[in-house]
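Peer 1: Mind looking over this structure? Questions follow.
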Amino acid sequence: MKYRLLILFLIGSLAAAAQEPYYDAVFFANSRMSGNYFYSTASYQSPSWIRNMQKNLPVSDSLFFTPGNSLQLQYVNGSAGKWSADVYKQRIRGQDHVREGTALQLKIFIGSTKSGQLPAVQIGFNDSSVSEALLLTGYMQPVPGSNWQNVLIPLSAFKKYAGKQNDDIRSVHFIQNSTDNGQHEIYIDDIELSNALPAGSVARTPKLRKATGFARHVDLVWEPITDTAVKYVKIYRSENGTDFKAVGIQSPMTYRYADYTGVTGKKYYYKITLLDRSYRESSPSEIVQGNTRPMNDDELLTMVQEANFRYYYEGSEKVSGLSRENIPGRHDMIAMGASGFGMLALITGTERKFITRDKSIDRFTQIVNFLEKAETHHGVFPHFMNGPTGKTEPFFGRRDNGGDLVETSFLMQGLLAARAYFNRADPKEKIIRNKITAIWQKIEWDWYRRTADSKYLFWHWSPDQAWIINHKLIGWNETMITYLLAIASPTHGVPGSMYYSGWASQENEAQQYRKGWGQTPDGSMYSNGKTYFGVPLDVGVSNGGPLFFVHYSFLGYDPHALTDKYTNYFKNNRNIALINYRYCMENPGGFAGYSDSCWGLTACDGPYHYSASEPVPWQDEGKMAPTGALASFPYTPEESMKALKNYYYNYGKFLWGEYGFRDAFNLSQNWCSEIYMGLNQAPVTVMIENYRSGLLWKLLMSDPDIQNGLKKIRLP
């Protein structure tokens with residue numbers, strides 16, 4: 001099965017809403033990873049040569065225009081050969097509202113290289129064609145020596161750009177332009193499309209509020225920045241309070257920065273400045289200090305929970321208070337499933353005192369006030385919604401313009417847990433409960449049965465295209481919760497028999513469906529019964545699938561309490577996690593990093609696209625998502641803690657950030673995701689809490705409707 005979630009992630013998105021803030025068209029600002037830059041290529045024909053690492057350009061961590069690195073071009077201009085280096089525009093999902101530029105701009109450090117020995121530059125287009133070559137020397141000041149220089153080339157100077165737009169540009173090419181037979185070294189930084197005229201300068205001085213130390217990083221927080229003239233916040237660090245060095249830049253859309261120093265038990269001093277779009281720098285903030293310190297396992301768990309929690313509290317869409325799909329990404333678009341997960345994270349954060357109960361009440365009041373007025377389709381919410389308007393956002397294409405039953409079930413899981421949590425006599429809490437009840441009772445689960453005698457629930461319904469996607473919900477996958485909630489509904493419920501006729505169906509159609517996406521007959525009858533890596537598997541297609549199958553439906557539903565004729569789901573989920581763990585230890589693909597402390601294949605961002613990794617060679621690309629192991633804490637506490645420590649202590653420099661661990665990384669390709677994912681951050685906070693206290697499981701399972709639903713299924 002290529003479940004709808006992953007099919008739709010590969011479908012092109014529509015234009016962003018007009019309110020969306022602009023992103024810059026950047027080809028290179030920094031490489032998340034040291035060594036080489038993934039989104040580049042370098043090639044040569046002897047006697048010419050260009051330094052490369054696995055055919056990628058190397059990066060310099062010591063010489064840069066904006067911290068923390070630049071691209072190093074070390075080359076030989078052979079008399080008969082040629083060399084070239086290409087830098088590609090990284091496509092980050094949701095960054096589809098991009099500021100239009102009129103010029104190609106970059107920073108260059110030429111050292112002792114003479115102007116005539118510099119490369120020429122071309123722009124490459126999406127159709128694989130390239131422009132004519134232009135000399136860099138014609139667009140820079142002839143200043144020799146150890147200085148960074150600005151290169152500004154009007155796009156109109158590239159004659160082949162005529163009739164095209166910024167979005168048609170795929171890459172920037174540097175090519176040999178001399179035959180002097182000498183070896184040269186230059187550095188390139190901040191490659192982007194910009195406007196030729198300088199933007200307004202930054203007048204204000206930023207206010208750095210605090211620096212909080214953890215085991216190997218310091219969290220910086222500053223006063224939020226609303227000045228649209230600001231391009232970056234620039235971070236400076238000192239070890240003595242006097243000698244500062246630039247260590248990072250941050251988008252002004254975020255008002256915090258995680259400085260991973262890699263050292264425990266040390267005092268650091270910080271200040272920040274603001275850069276405008278011409279890279280002019282403001283005066284610095286006042287200095288603050290923070291100390292890194294040793295942390296025990298319990299403190300590490302709290303640290304990770306709080307960082308991931310911030311995605312949903314600080315990083316939420318401002319009108320609705322709900323979760324964005326990914327950060328950075330669309331600002332105004334909210335994702336309903338991620339929002340449901342985020343509510344569980346907010347509850348966790350309230351209990352852990354990351355925020356007060358009063359602040360939590362305010363946020364949930366904002367959420368339910370928005371949801372009660374938002375557009376629904378027979379009570380069912382869409383996958384994506386515009387926060388400012390409350391209207392459906394068909395981000396995955398025109399067919400995805402209606403109700404999404406699975407995303408609604410993820411949303412409702414969070415709401416019902418909140419209804420149980422806000423149980424005090426306080427009038428504000430009562431309003432939250434009542435509004436959640438109204439939302440819950442409005443959902444027409446039975447409509448998504450399509451016909452009165454259907455054995456299956458259907459994933460989507462469109463108001464103008466009806467059942468065009470025509471996707472029946474058949475397990476084993478992440479959609480068990482949809483059947484459980486549909487059966488539990490007190491107003492528009494479906495028969496309990498649909499658990500076995502639909503979710504666990506034995507019909508030929510269901511068998512073929514499972515064989516199709518699993519590419520194996522194993523588990524095609526829903527039950528499996530085989531052993532993988534020494535671990536028995538009662539239920540699951542292939543050897544269990546990606547780990548989000550054992551997370552998404554069980555953030556609120558306690559798998560200990562779910563036993564049907566085939567298995568107990570805590571036991572089955574634990575075994576799926578162990579199969580995944582042992583596969584990664586054996587590492588049949590030979591990918592870098594896989595081990596007993598780097599495991600957990602699941603759905604996540606990737607170098608080229610979002611996809612679901614599974615513990616089978618044909619679905620394993622070498623990318624690892626921290627959420628895989630960390631959201632499995634209730635099932636594999638020792639193995640998950642080992643992964644957490646590895647990710648933080650060994651990979652934290654590139655992997656740890658403002659909202660916890662970034663979505664994914666691939667050590668074999670020296671790649672790390674730039675984003676945090678709404679579907680992946682919350683399960684870490686929530687499942688760690690379920691491991692520590694069982695909080696979310698206790699809340700949802702205390703709901704009378706949930707208990708009545710389980711009784712209707714007649715589980716043995």
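Residues are named by chain letter and number: chains run A, B, ... in the order of the structure tokens, numbers start at 1 in each chain, and ligands are numbered from 1 in the order shown.
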Give me the residues within 8 Å of range 251-256 of chain A as a ChimeraX atom specification, counting only C-alpha atoms and dropping any in the same chain fewer than 6 places off.
Peer 2: /A:219-226,230-233,658
Peer 1: Using the chain letters and numbers from this document, which residues of range 289-480 of chain A does DSSP assign to helix (DSSP H, G or I), as number ranges by chain?
Peer 2: A: 297-313, 336-351, 357-373, 405-421, 427-442, 445-449, 480
Peer 1: What's the 6 Å shell around Gly387 in chain A, counting only C-alpha atoms, without same-chain residues fewer than 2 positions away, as a PDB file with N, CA, C and O atoms, in the first residue's frame?
Peer 2:
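File written: out.pdb
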ATOM      1  N   VAL A 319      -3.662  32.684  14.494  1.00  0.00           N
ATOM      2  CA  VAL A 319      -5.103  32.907  14.608  1.00  0.00           C
ATOM      3  C   VAL A 319      -5.787  31.726  15.298  1.00  0.00           C
ATOM      4  O   VAL A 319      -6.583  31.894  16.223  1.00  0.00           O
ATOM      5  N   SER A 320      -5.471  30.524  14.846  1.00  0.00           N
ATOM      6  CA  SER A 320      -6.140  29.326  15.352  1.00  0.00           C
ATOM      7  C   SER A 320      -5.491  28.747  16.595  1.00  0.00           C
ATOM      8  O   SER A 320      -6.145  28.052  17.382  1.00  0.00           O
ATOM      9  N   ASP A 332       0.519  30.308   7.442  1.00  0.00           N
ATOM     10  CA  ASP A 332      -0.916  30.431   7.676  1.00  0.00           C
ATOM     11  C   ASP A 332      -1.651  29.101   7.590  1.00  0.00           C
ATOM     12  O   ASP A 332      -2.824  29.022   7.954  1.00  0.00           O
ATOM     13  N   MET A 333      -0.990  28.073   7.095  1.00  0.00           N
ATOM     14  CA  MET A 333      -1.664  26.787   6.901  1.00  0.00           C
ATOM     15  C   MET A 333      -1.488  25.897   8.126  1.00  0.00           C
ATOM     16  O   MET A 333      -0.386  25.734   8.642  1.00  0.00           O
ATOM     17  N   THR A 389      -8.493  32.219   7.743  1.00  0.00           N
ATOM     18  CA  THR A 389      -9.856  32.176   7.196  1.00  0.00           C
ATOM     19  C   THR A 389     -10.687  31.013   7.700  1.00  0.00           C
ATOM     20  O   THR A 389     -11.918  31.050   7.617  1.00  0.00           O
ATOM     21  N   GLY A 390     -10.046  29.944   8.190  1.00  0.00           N
ATOM     22  CA  GLY A 390     -10.788  28.759   8.597  1.00  0.00           C
ATOM     23  C   GLY A 390     -11.314  27.939   7.436  1.00  0.00           C
ATOM     24  O   GLY A 390     -12.185  27.088   7.625  1.00  0.00           O
TER      25      GLY A 390
END
Peer 1: Counting only C-alpha atoms, what is within 8 Å of range 68-82 of chain A, bar same-chain residues fewer than 2 positions away, as a VMD selection string?
Peer 2: chain A and resid 29 to 31 37 44 to 51 57 to 66 84 117 175 to 190 246 to 249
Peer 1: So that I can check the surroundings of Ala374 in chain A, please list as a list in words every protein, DNA and RNA residue that reaches within 7 Å of it, counting only C-alpha atoms and ignoring chain neighbours fewer than 3 positions away.
Peer 2: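 Answer for this query is Phe370, Leu371, Gly390 and Lys391 of chain A.
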Peer 1: For the selection you just gave me, I'd like the residues written to a file as a short mmCIF file (atom, residue, chain, number, x, y, z; two decimals), in the first residue's frame, keeping N, CA, C and O atoms.
Peer 2:
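For reference, again-v5.cif as written:
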data_model
loop_
_atom_site.label_atom_id
_atom_site.label_comp_id
_atom_site.auth_asym_id
_atom_site.auth_seq_id
_atom_site.Cartn_x
_atom_site.Cartn_y
_atom_site.Cartn_z
N PHE A 370 -11.93 28.51 17.42
CA PHE A 370 -11.63 28.44 15.99
C PHE A 370 -12.30 27.23 15.35
O PHE A 370 -12.95 27.34 14.30
N LEU A 371 -12.17 26.07 15.95
CA LEU A 371 -12.67 24.84 15.34
C LEU A 371 -14.19 24.83 15.22
O LEU A 371 -14.73 24.28 14.26
N GLY A 390 -10.05 29.94 8.19
CA GLY A 390 -10.79 28.76 8.60
C GLY A 390 -11.31 27.94 7.44
O GLY A 390 -12.19 27.09 7.62
N LYS A 391 -10.78 28.16 6.24
CA LYS A 391 -11.24 27.46 5.04
C LYS A 391 -10.29 26.32 4.67
O LYS A 391 -9.10 26.35 4.99
#
Peer 1: Taking the backbone alone, and naming residues the way the document does, which bits of range 400-608 of chain A are strand (DSSP E or B) by DSSP, as a ChimeraX atom specification?
Peer 2: /A:403-404,458,460-462,466,472,525,527-532,535-539,563,568,595,598,603-604
Peer 1: Mind checking which residues fall within 7 Å of range 480-483 of chain A, counting only C-alpha atoms, ignoring those fewer than 5 positions away in the same chain, and posting them as a list of chain:residue names?
Peer 2: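 Counting only the stated atoms, we get A:Val406, A:Ser409, A:Gly475, A:Tyr499, A:Trp503, A:Ser553.
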Peer 1: Write to file, as an mmCIF file, in the first residue's frame, the residues of the selection just made, with all heavy atoms.
Peer 2:
data_model
loop_
_atom_site.group_PDB
_atom_site.id
_atom_site.type_symbol
_atom_site.label_atom_id
_atom_site.label_comp_id
_atom_site.auth_asym_id
_atom_site.auth_seq_id
_atom_site.Cartn_x
_atom_site.Cartn_y
_atom_site.Cartn_z
ATOM 1 N N VAL A 406 -9.208 10.516 8.419
ATOM 2 C CA VAL A 406 -8.074 10.082 9.239
ATOM 3 C C VAL A 406 -7.478 11.266 9.993
ATOM 4 O O VAL A 406 -7.220 11.185 11.201
ATOM 5 C CB VAL A 406 -7.021 9.374 8.372
ATOM 6 C CG1 VAL A 406 -5.785 9.026 9.204
ATOM 7 C CG2 VAL A 406 -7.610 8.109 7.756
ATOM 8 N N SER A 409 -9.632 12.104 12.793
ATOM 9 C CA SER A 409 -9.513 11.204 13.948
ATOM 10 C C SER A 409 -8.280 11.538 14.780
ATOM 11 O O SER A 409 -8.325 11.477 16.016
ATOM 12 C CB SER A 409 -9.486 9.743 13.484
ATOM 13 O OG SER A 409 -8.363 9.463 12.685
ATOM 14 N N GLY A 475 -6.652 -1.983 7.495
ATOM 15 C CA GLY A 475 -5.436 -2.125 8.304
ATOM 16 C C GLY A 475 -4.596 -3.309 7.871
ATOM 17 O O GLY A 475 -5.049 -4.127 7.090
ATOM 18 N N TYR A 499 -15.098 -3.017 12.684
ATOM 19 C CA TYR A 499 -13.702 -3.222 13.087
ATOM 20 C C TYR A 499 -13.135 -4.449 12.382
ATOM 21 O O TYR A 499 -12.017 -4.427 11.868
ATOM 22 C CB TYR A 499 -13.611 -3.387 14.603
ATOM 23 C CG TYR A 499 -12.206 -3.659 15.109
ATOM 24 C CD1 TYR A 499 -11.352 -2.612 15.429
ATOM 25 C CD2 TYR A 499 -11.738 -4.963 15.263
ATOM 26 C CE1 TYR A 499 -10.068 -2.859 15.894
ATOM 27 C CE2 TYR A 499 -10.460 -5.218 15.727
ATOM 28 C CZ TYR A 499 -9.628 -4.168 16.039
ATOM 29 O OH TYR A 499 -8.351 -4.423 16.490
ATOM 30 N N TRP A 503 -11.535 -2.671 9.027
ATOM 31 C CA TRP A 503 -10.148 -2.531 9.475
ATOM 32 C C TRP A 503 -9.373 -3.843 9.367
ATOM 33 O O TRP A 503 -8.284 -3.890 8.787
ATOM 34 C CB TRP A 503 -10.134 -2.020 10.916
ATOM 35 C CG TRP A 503 -8.812 -2.166 11.615
ATOM 36 C CD1 TRP A 503 -8.489 -3.064 12.576
ATOM 37 C CD2 TRP A 503 -7.634 -1.390 11.386
ATOM 38 N NE1 TRP A 503 -7.193 -2.909 12.975
ATOM 39 C CE2 TRP A 503 -6.642 -1.883 12.254
ATOM 40 C CE3 TRP A 503 -7.322 -0.336 10.535
ATOM 41 C CZ2 TRP A 503 -5.344 -1.343 12.303
ATOM 42 C CZ3 TRP A 503 -6.039 0.204 10.574
ATOM 43 C CH2 TRP A 503 -5.074 -0.296 11.448
ATOM 44 N N SER A 553 -1.949 6.032 16.232
ATOM 45 C CA SER A 553 -3.227 5.599 16.820
ATOM 46 C C SER A 553 -3.129 5.373 18.314
ATOM 47 O O SER A 553 -4.148 5.142 18.976
ATOM 48 C CB SER A 553 -3.713 4.312 16.150
ATOM 49 O OG SER A 553 -4.190 4.567 14.851
#
Peer 1: Env of range 203-207 of chain A: 10 Å cut, atoms = only C-alpha atoms, seq-sep filter 2 positions within chain, self excluded. Answer as a list of chain:residue names.
Peer 2: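 My list of contacting residues is A:Gly200, A:Ser201, A:Arg209, A:Lys210, A:Val221, A:Trp222, A:Glu223, A:Pro224, A:Ile225, A:Asp227, A:Ala229, A:Val230, A:Val233, A:Lys271, A:Ile272, A:Thr273, A:Leu274, A:Asp276, A:Glu281, A:Ser282, A:Ser283, A:Pro284, A:Ser285, A:Glu286, A:Ile287.
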